Amino acid sequence: MLSEPRSGRLAAWGNALLAGLASPDDAASAIVGEDAVHRVEGLPGESAPVGLTLALGRLRTLGATGLRVALPAPGHPLGLSGPPEFNARAMEAEEAVICHGAAFGLVPEVYEAGPDGDVHVEVVWHCLRVREAPPADVPSLGEAERELAEALRDATLLLSRLDVAGSGPVAEAAIDAYRARAERGREVLAPGYPPRAVRVLELAQRVGLLISVAHENGHGGAVSASEMGARSEVLRPVERTARRAQVAAYNSVVEQREMR
């Protein structure tokens, strides 16, 4: 939850490209990020994987006018619309990108090689047919913002009471790393996104930081079984709320376009 999902980068910069607000090369570079290379496999008319620039251009010719994100988890098909085969692959990857205007979706498969500190990452996006239907359980930006504020307040109160919210060297290191990333680049979305979407995504990332710190602290001060159970119970809906807000932020430009 701390790092931007690859599906988020692809959707955000793909939307900027489709809207004419980013060049193909700039969009492809932003999507790849710190990975070595991204390719797209299974595009209609292509017998082998192709690069991102060609793939995004091909999706546009196939009718894609925007890209949405799905961040599903077991029991929560967030952002998906079927069919079951696509949902299963997206659920396994825990993320996917779905085209608006064309019945195609992209699911990433990540390959890593090399020693710690020098890992070479390649990503293959599998292009598959999807069902053209409303995505599951995606809130509006306003709903997401309200839900996040409530979730952050409630989780902070309970986790503080259980003494696991933010103490110890692991928590301090996580917070320092998060602040360093925030200082390195303030543009958390691509050109064309409304300020409210940026605000919602940043708040979702802060909520994700709280969840990560709570998990990485082990059992923290929650020494009894009932206390550990209470912590797990409060984290589960908060994590779901943060994922819903992320999807709402990434999908906001497509949703706004539909409302016009």
# chains A, B, ... in the order shown; residues from 1 in each chain; ligands from 1
$ residues_around --residues "Gly42 (chain A)" --least-positions-apart "4" --cutoff "9 Å" --atoms "only C-alpha atoms" --output "PyMOL selection string"
chain A and resi 46-49+125-128
$ write_last_selection --atoms "N, CA, C and O atoms" --output "compact mmCIF listing (two decimals), in the first residue's frame"
# COMPACT_ATOMS: atom_id res chain seq x y z
N GLU A 46 -1.14 -8.80 -32.81
CA GLU A 46 0.29 -8.94 -32.49
C GLU A 46 0.57 -10.37 -32.04
O GLU A 46 -0.09 -10.90 -31.14
N SER A 47 1.56 -10.99 -32.66
CA SER A 47 1.90 -12.38 -32.33
C SER A 47 2.94 -12.49 -31.23
O SER A 47 3.22 -13.58 -30.74
N ALA A 48 3.52 -11.36 -30.82
CA ALA A 48 4.56 -11.36 -29.78
C ALA A 48 4.36 -10.14 -28.90
O ALA A 48 3.65 -9.18 -29.27
N PRO A 49 4.96 -10.14 -27.71
CA PRO A 49 4.85 -8.97 -26.84
C PRO A 49 5.41 -7.71 -27.51
O PRO A 49 6.37 -7.78 -28.27
N TRP A 125 2.46 -7.34 -19.33
CA TRP A 125 1.03 -7.09 -19.16
C TRP A 125 0.28 -8.00 -20.12
O TRP A 125 0.47 -7.92 -21.34
N HIS A 126 -0.57 -8.86 -19.59
CA HIS A 126 -1.35 -9.78 -20.41
C HIS A 126 -2.67 -9.10 -20.79
O HIS A 126 -3.46 -8.71 -19.91
N CYS A 127 -2.88 -8.93 -22.09
CA CYS A 127 -4.10 -8.30 -22.59
C CYS A 127 -5.17 -9.37 -22.80
O CYS A 127 -4.97 -10.34 -23.54
N LEU A 128 -6.31 -9.19 -22.13
CA LEU A 128 -7.38 -10.18 -22.15
C LEU A 128 -8.72 -9.49 -22.38
O LEU A 128 -8.89 -8.30 -22.09
$ closest_atom_pairs --of "region 24-108 of chain A" --to "region 252-255 of chain A" --cutoff "9 Å" --atoms "only C-alpha atoms" --output "CSV"
residue,atom,partner,partner_atom,distance
A:Thr65,CA,A:Val254,CA,8.4
A:Gly66,CA,A:Val254,CA,5.9
A:Leu67,CA,A:Val254,CA,7.1
A:Arg68,CA,A:Val254,CA,7.2
A:His100,CA,A:Val254,CA,7.7
$ residues_around --residues "Ala64 (chain A)" --least-positions-apart "4" --cutoff "9 Å" --atoms "only C-alpha atoms" --output "list of chain:residue names"
A:Leu18, A:Leu56, A:Arg58, A:Leu59, A:Arg60, A:Cys99, A:His100, A:Gly101, A:Ala102, A:Ala103, A:Phe104
$ write_last_selection --atoms "all heavy atoms" --output "mmCIF file, in the first residue's frame"
data_model
loop_
_atom_site.group_PDB
_atom_site.id
_atom_site.type_symbol
_atom_site.label_atom_id
_atom_site.label_comp_id
_atom_site.auth_asym_id
_atom_site.auth_seq_id
_atom_site.Cartn_x
_atom_site.Cartn_y
_atom_site.Cartn_z
ATOM 1 N N LEU A 18 -3.781 9.416 -23.576
ATOM 2 C CA LEU A 18 -5.007 9.380 -24.376
ATOM 3 C C LEU A 18 -5.673 10.752 -24.460
ATOM 4 O O LEU A 18 -6.360 11.060 -25.438
ATOM 5 C CB LEU A 18 -5.978 8.362 -23.782
ATOM 6 C CG LEU A 18 -5.557 6.890 -23.893
ATOM 7 C CD1 LEU A 18 -6.493 6.004 -23.084
ATOM 8 C CD2 LEU A 18 -5.527 6.449 -25.351
ATOM 9 N N LEU A 56 -0.172 1.123 -26.168
ATOM 10 C CA LEU A 56 -1.154 2.156 -25.861
ATOM 11 C C LEU A 56 -1.758 2.737 -27.139
ATOM 12 O O LEU A 56 -2.961 3.030 -27.193
ATOM 13 C CB LEU A 56 -0.501 3.259 -25.021
ATOM 14 C CG LEU A 56 -0.149 2.845 -23.579
ATOM 15 C CD1 LEU A 56 0.726 3.908 -22.918
ATOM 16 C CD2 LEU A 56 -1.411 2.627 -22.759
ATOM 17 N N ARG A 58 -2.137 1.069 -29.935
ATOM 18 C CA ARG A 58 -3.024 0.052 -30.472
ATOM 19 C C ARG A 58 -4.351 0.026 -29.706
ATOM 20 O O ARG A 58 -5.419 -0.112 -30.302
ATOM 21 C CB ARG A 58 -2.343 -1.318 -30.398
ATOM 22 C CG ARG A 58 -3.194 -2.500 -30.859
ATOM 23 C CD ARG A 58 -3.584 -2.380 -32.340
ATOM 24 N NE ARG A 58 -2.418 -2.201 -33.197
ATOM 25 C CZ ARG A 58 -1.611 -3.191 -33.595
ATOM 26 N NH1 ARG A 58 -1.862 -4.430 -33.229
ATOM 27 N NH2 ARG A 58 -0.577 -2.936 -34.359
ATOM 28 N N LEU A 59 -4.292 0.151 -28.382
ATOM 29 C CA LEU A 59 -5.531 0.164 -27.606
ATOM 30 C C LEU A 59 -6.407 1.352 -27.988
ATOM 31 O O LEU A 59 -7.631 1.243 -28.024
ATOM 32 C CB LEU A 59 -5.214 0.190 -26.108
ATOM 33 C CG LEU A 59 -4.636 -1.105 -25.536
ATOM 34 C CD1 LEU A 59 -4.169 -0.897 -24.102
ATOM 35 C CD2 LEU A 59 -5.663 -2.243 -25.602
ATOM 36 N N ARG A 60 -5.766 2.491 -28.303
ATOM 37 C CA ARG A 60 -6.547 3.646 -28.728
ATOM 38 C C ARG A 60 -7.259 3.363 -30.056
ATOM 39 O O ARG A 60 -8.435 3.696 -30.220
ATOM 40 C CB ARG A 60 -5.642 4.869 -28.875
ATOM 41 C CG ARG A 60 -6.464 6.120 -29.128
ATOM 42 C CD ARG A 60 -5.687 7.340 -29.635
ATOM 43 N NE ARG A 60 -4.329 7.427 -29.265
ATOM 44 C CZ ARG A 60 -3.767 8.476 -28.654
ATOM 45 N NH1 ARG A 60 -4.502 9.495 -28.263
ATOM 46 N NH2 ARG A 60 -2.487 8.506 -28.434
ATOM 47 N N CYS A 99 -9.758 -1.193 -19.834
ATOM 48 C CA CYS A 99 -9.995 -0.138 -20.813
ATOM 49 C C CYS A 99 -11.437 0.334 -20.764
ATOM 50 O O CYS A 99 -12.367 -0.467 -20.612
ATOM 51 C CB CYS A 99 -9.680 -0.637 -22.219
ATOM 52 S SG CYS A 99 -7.952 -1.094 -22.483
ATOM 53 N N HIS A 100 -11.620 1.620 -20.922
ATOM 54 C CA HIS A 100 -12.949 2.202 -21.099
ATOM 55 C C HIS A 100 -13.130 2.488 -22.578
ATOM 56 O O HIS A 100 -12.304 3.149 -23.211
ATOM 57 C CB HIS A 100 -13.071 3.507 -20.307
ATOM 58 C CG HIS A 100 -14.374 4.203 -20.515
ATOM 59 N ND1 HIS A 100 -15.578 3.685 -20.102
ATOM 60 C CD2 HIS A 100 -14.675 5.392 -21.106
ATOM 61 C CE1 HIS A 100 -16.558 4.503 -20.405
ATOM 62 N NE2 HIS A 100 -16.037 5.549 -21.013
ATOM 63 N N GLY A 101 -14.200 1.940 -23.174
ATOM 64 C CA GLY A 101 -14.437 2.124 -24.587
ATOM 65 C C GLY A 101 -14.002 0.948 -25.439
ATOM 66 O O GLY A 101 -14.275 0.909 -26.643
ATOM 67 N N ALA A 102 -13.296 0.011 -24.856
ATOM 68 C CA ALA A 102 -12.858 -1.208 -25.546
ATOM 69 C C ALA A 102 -12.853 -2.338 -24.531
ATOM 70 O O ALA A 102 -12.446 -2.151 -23.379
ATOM 71 C CB ALA A 102 -11.468 -1.036 -26.155
ATOM 72 N N ALA A 103 -13.289 -3.514 -24.938
ATOM 73 C CA ALA A 103 -13.471 -4.625 -23.998
ATOM 74 C C ALA A 103 -12.175 -5.403 -23.772
ATOM 75 O O ALA A 103 -12.088 -6.600 -24.040
ATOM 76 C CB ALA A 103 -14.566 -5.555 -24.502
ATOM 77 N N PHE A 104 -11.171 -4.678 -23.246
ATOM 78 C CA PHE A 104 -9.891 -5.315 -22.964
ATOM 79 C C PHE A 104 -9.405 -4.915 -21.573
ATOM 80 O O PHE A 104 -9.705 -3.822 -21.080
ATOM 81 C CB PHE A 104 -8.827 -4.906 -23.997
ATOM 82 C CG PHE A 104 -9.128 -5.375 -25.394
ATOM 83 C CD1 PHE A 104 -9.713 -4.514 -26.311
ATOM 84 C CD2 PHE A 104 -8.851 -6.681 -25.776
ATOM 85 C CE1 PHE A 104 -10.007 -4.940 -27.600
ATOM 86 C CE2 PHE A 104 -9.147 -7.117 -27.063
ATOM 87 C CZ PHE A 104 -9.725 -6.253 -27.977
#
$ residues_around --residues "Pro134 (chain A)" --least-positions-apart "6" --cutoff "9 Å" --atoms "only C-alpha atoms" --output "list of chain:residue names"
A:Gly79, A:Leu80, A:Ser81
$ closest_residue --among "A:Arg146, A:Arg39, A:Arg6, A:Arg131" --to "Ala93 (chain A)" --atoms "only C-alpha atoms"
A:Arg6
$ atom_distance --atom1 "CA of Ala133 (chain A)" --atom2 "CA of Leu201 (chain A)"
24.5 Å
$ select_by_dssp --residues "region 59-124 of chain A" --states "alpha helix (DSSP H)" --output "number ranges by chain"
A: 59-61, 84-93
$ residues_around --residues "Ala36 (chain A)" --least-positions-apart "3" --cutoff "10 Å" --atoms "only C-alpha atoms" --output "list of chain:residue names"
A:Val32, A:Gly33, A:Glu112, A:Val119, A:His120, A:Val121, A:Glu122, A:Val123
$ write_last_selection --atoms "N, CA, C and O atoms" --output "PDB file, in the first residue's frame"
ATOM      1  N   VAL A  32       6.988   2.770 -16.591  1.00  0.00           N
ATOM      2  CA  VAL A  32       8.054   1.809 -16.266  1.00  0.00           C
ATOM      3  C   VAL A  32       8.680   2.129 -14.920  1.00  0.00           C
ATOM      4  O   VAL A  32       8.985   1.233 -14.122  1.00  0.00           O
ATOM      5  N   GLY A  33       8.860   3.419 -14.622  1.00  0.00           N
ATOM      6  CA  GLY A  33       9.436   3.802 -13.328  1.00  0.00           C
ATOM      7  C   GLY A  33      10.806   3.206 -13.119  1.00  0.00           C
ATOM      8  O   GLY A  33      11.699   3.344 -13.969  1.00  0.00           O
ATOM      9  N   GLU A 112      11.472 -11.142 -11.626  1.00  0.00           N
ATOM     10  CA  GLU A 112      12.608 -10.536 -10.941  1.00  0.00           C
ATOM     11  C   GLU A 112      13.817 -11.459 -11.015  1.00  0.00           C
ATOM     12  O   GLU A 112      13.690 -12.680 -10.912  1.00  0.00           O
ATOM     13  N   VAL A 119      18.246  -5.857  -8.236  1.00  0.00           N
ATOM     14  CA  VAL A 119      17.208  -6.710  -8.808  1.00  0.00           C
ATOM     15  C   VAL A 119      16.745  -6.127 -10.140  1.00  0.00           C
ATOM     16  O   VAL A 119      16.418  -4.942 -10.246  1.00  0.00           O
ATOM     17  N   HIS A 120      16.723  -6.962 -11.151  1.00  0.00           N
ATOM     18  CA  HIS A 120      16.266  -6.596 -12.490  1.00  0.00           C
ATOM     19  C   HIS A 120      14.789  -7.013 -12.611  1.00  0.00           C
ATOM     20  O   HIS A 120      14.469  -8.187 -12.461  1.00  0.00           O
ATOM     21  N   VAL A 121      13.920  -6.047 -12.855  1.00  0.00           N
ATOM     22  CA  VAL A 121      12.477  -6.310 -12.880  1.00  0.00           C
ATOM     23  C   VAL A 121      11.932  -6.089 -14.285  1.00  0.00           C
ATOM     24  O   VAL A 121      12.104  -5.013 -14.871  1.00  0.00           O
ATOM     25  N   GLU A 122      11.283  -7.111 -14.806  1.00  0.00           N
ATOM     26  CA  GLU A 122      10.569  -7.005 -16.067  1.00  0.00           C
ATOM     27  C   GLU A 122       9.092  -7.309 -15.822  1.00  0.00           C
ATOM     28  O   GLU A 122       8.767  -8.183 -15.018  1.00  0.00           O
ATOM     29  N   VAL A 123       8.236  -6.572 -16.510  1.00  0.00           N
ATOM     30  CA  VAL A 123       6.785  -6.736 -16.344  1.00  0.00           C
ATOM     31  C   VAL A 123       6.161  -7.048 -17.701  1.00  0.00           C
ATOM     32  O   VAL A 123       6.410  -6.336 -18.679  1.00  0.00           O
TER      33      VAL A 123
END
$ closest_residue --among "A:Leu189, A:Leu43, A:Val238, A:Ala113" --to "Glu4 (chain A)" --atoms "only C-alpha atoms"
A:Leu189
$ atom_distance --atom1 "CA of Gly192 (chain A)" --atom2 "CA of Asn87 (chain A)"
28.6 Å
$ atom_distance --atom1 "CA of Ala22 (chain A)" --atom2 "CA of Pro72 (chain A)"
28.1 Å
$ closest_residue --among "A:Val138, A:Ala90, A:Ala248, A:Ala73" --to "Pro194 (chain A)" --atoms "only C-alpha atoms"
A:Ala248
$ select_by_dssp --residues "region 21-87 of chain A" --states "strand (DSSP E)" --output "number ranges by chain"
A: 37-41, 50-51, 66-70
$ write_last_selection --atoms "C-alpha atoms" --output "mmCIF file, in the first residue's frame"
data_model
loop_
_atom_site.group_PDB
_atom_site.id
_atom_site.type_symbol
_atom_site.label_atom_id
_atom_site.label_comp_id
_atom_site.auth_asym_id
_atom_site.auth_seq_id
_atom_site.Cartn_x
_atom_site.Cartn_y
_atom_site.Cartn_z
ATOM 1 C CA VAL A 37 11.137 -2.893 -19.059
ATOM 2 C CA HIS A 38 7.389 -3.352 -19.581
ATOM 3 C CA ARG A 39 5.840 -5.256 -22.476
ATOM 4 C CA VAL A 40 2.252 -6.072 -23.454
ATOM 5 C CA GLU A 41 1.361 -9.580 -24.591
ATOM 6 C CA VAL A 50 5.219 -5.278 -27.783
ATOM 7 C CA GLY A 51 6.422 -2.166 -26.004
ATOM 8 C CA GLY A 66 -9.602 5.822 -20.895
ATOM 9 C CA LEU A 67 -8.093 3.386 -18.418
ATOM 10 C CA ARG A 68 -9.460 2.273 -15.054
ATOM 11 C CA VAL A 69 -7.689 0.523 -12.158
ATOM 12 C CA ALA A 70 -8.836 -2.571 -10.281
#
$ closest_residue --among "A:Ile98, A:Gly114, A:Leu210, A:Pro191" --to "Leu21 (chain A)" --atoms "only C-alpha atoms"
A:Pro191
$ closest_residue --among "A:Ser29, A:Asn15, A:Thr241, A:Gln246" --to "Leu71 (chain A)" --atoms "only C-alpha atoms"
A:Gln246
$ residues_around --residues "Gly57 (chain A)" --least-positions-apart "3" --cutoff "10 Å" --atoms "only C-alpha atoms" --output "list in words"
Gly14, Leu17, Leu18, Pro24, Leu52, Thr53, Leu54, Arg60, Thr61, Leu62 and Ala64 of chain A
$ write_last_selection --atoms "N, CA and C atoms" --output "PDB file, in the first residue's frame"
ATOM      1  N   GLY A  14      -1.406   6.467 -18.868  1.00  0.00           N
ATOM      2  CA  GLY A  14      -2.141   6.115 -20.074  1.00  0.00           C
ATOM      3  C   GLY A  14      -3.280   7.081 -20.326  1.00  0.00           C
ATOM      4  N   LEU A  17      -1.828  10.265 -21.692  1.00  0.00           N
ATOM      5  CA  LEU A  17      -1.486  10.100 -23.098  1.00  0.00           C
ATOM      6  C   LEU A  17      -2.732  10.144 -23.978  1.00  0.00           C
ATOM      7  N   LEU A  18      -3.781   9.416 -23.576  1.00  0.00           N
ATOM      8  CA  LEU A  18      -5.007   9.380 -24.376  1.00  0.00           C
ATOM      9  C   LEU A  18      -5.673  10.752 -24.460  1.00  0.00           C
ATOM     10  N   PRO A  24       4.017  10.085 -25.861  1.00  0.00           N
ATOM     11  CA  PRO A  24       4.174   8.633 -25.716  1.00  0.00           C
ATOM     12  C   PRO A  24       5.432   8.240 -24.951  1.00  0.00           C
ATOM     13  N   LEU A  52       5.343  -0.571 -24.566  1.00  0.00           N
ATOM     14  CA  LEU A  52       4.209   0.195 -24.061  1.00  0.00           C
ATOM     15  C   LEU A  52       3.696   1.223 -25.054  1.00  0.00           C
ATOM     16  N   THR A  53       4.608   1.902 -25.738  1.00  0.00           N
ATOM     17  CA  THR A  53       4.185   2.954 -26.661  1.00  0.00           C
ATOM     18  C   THR A  53       3.289   2.393 -27.756  1.00  0.00           C
ATOM     19  N   LEU A  54       3.728   1.295 -28.362  1.00  0.00           N
ATOM     20  CA  LEU A  54       2.919   0.653 -29.395  1.00  0.00           C
ATOM     21  C   LEU A  54       1.618   0.119 -28.818  1.00  0.00           C
ATOM     22  N   ARG A  60      -5.766   2.491 -28.303  1.00  0.00           N
ATOM     23  CA  ARG A  60      -6.547   3.646 -28.728  1.00  0.00           C
ATOM     24  C   ARG A  60      -7.259   3.363 -30.056  1.00  0.00           C
ATOM     25  N   THR A  61      -6.568   2.717 -30.990  1.00  0.00           N
ATOM     26  CA  THR A  61      -7.199   2.399 -32.272  1.00  0.00           C
ATOM     27  C   THR A  61      -8.304   1.364 -32.102  1.00  0.00           C
ATOM     28  N   LEU A  62      -8.225   0.558 -31.049  1.00  0.00           N
ATOM     29  CA  LEU A  62      -9.262  -0.438 -30.773  1.00  0.00           C
ATOM     30  C   LEU A  62     -10.482   0.171 -30.083  1.00  0.00           C
ATOM     31  N   ALA A  64     -10.224   2.345 -27.099  1.00  0.00           N
ATOM     32  CA  ALA A  64     -10.025   2.751 -25.707  1.00  0.00           C
ATOM     33  C   ALA A  64      -9.941   4.270 -25.594  1.00  0.00           C
TER      34      ALA A  64
END
$ closest_residue --among "A:Pro139, A:Pro77, A:Pro115, A:Pro237" --to "Leu152 (chain A)" --atoms "only C-alpha atoms"
A:Pro237
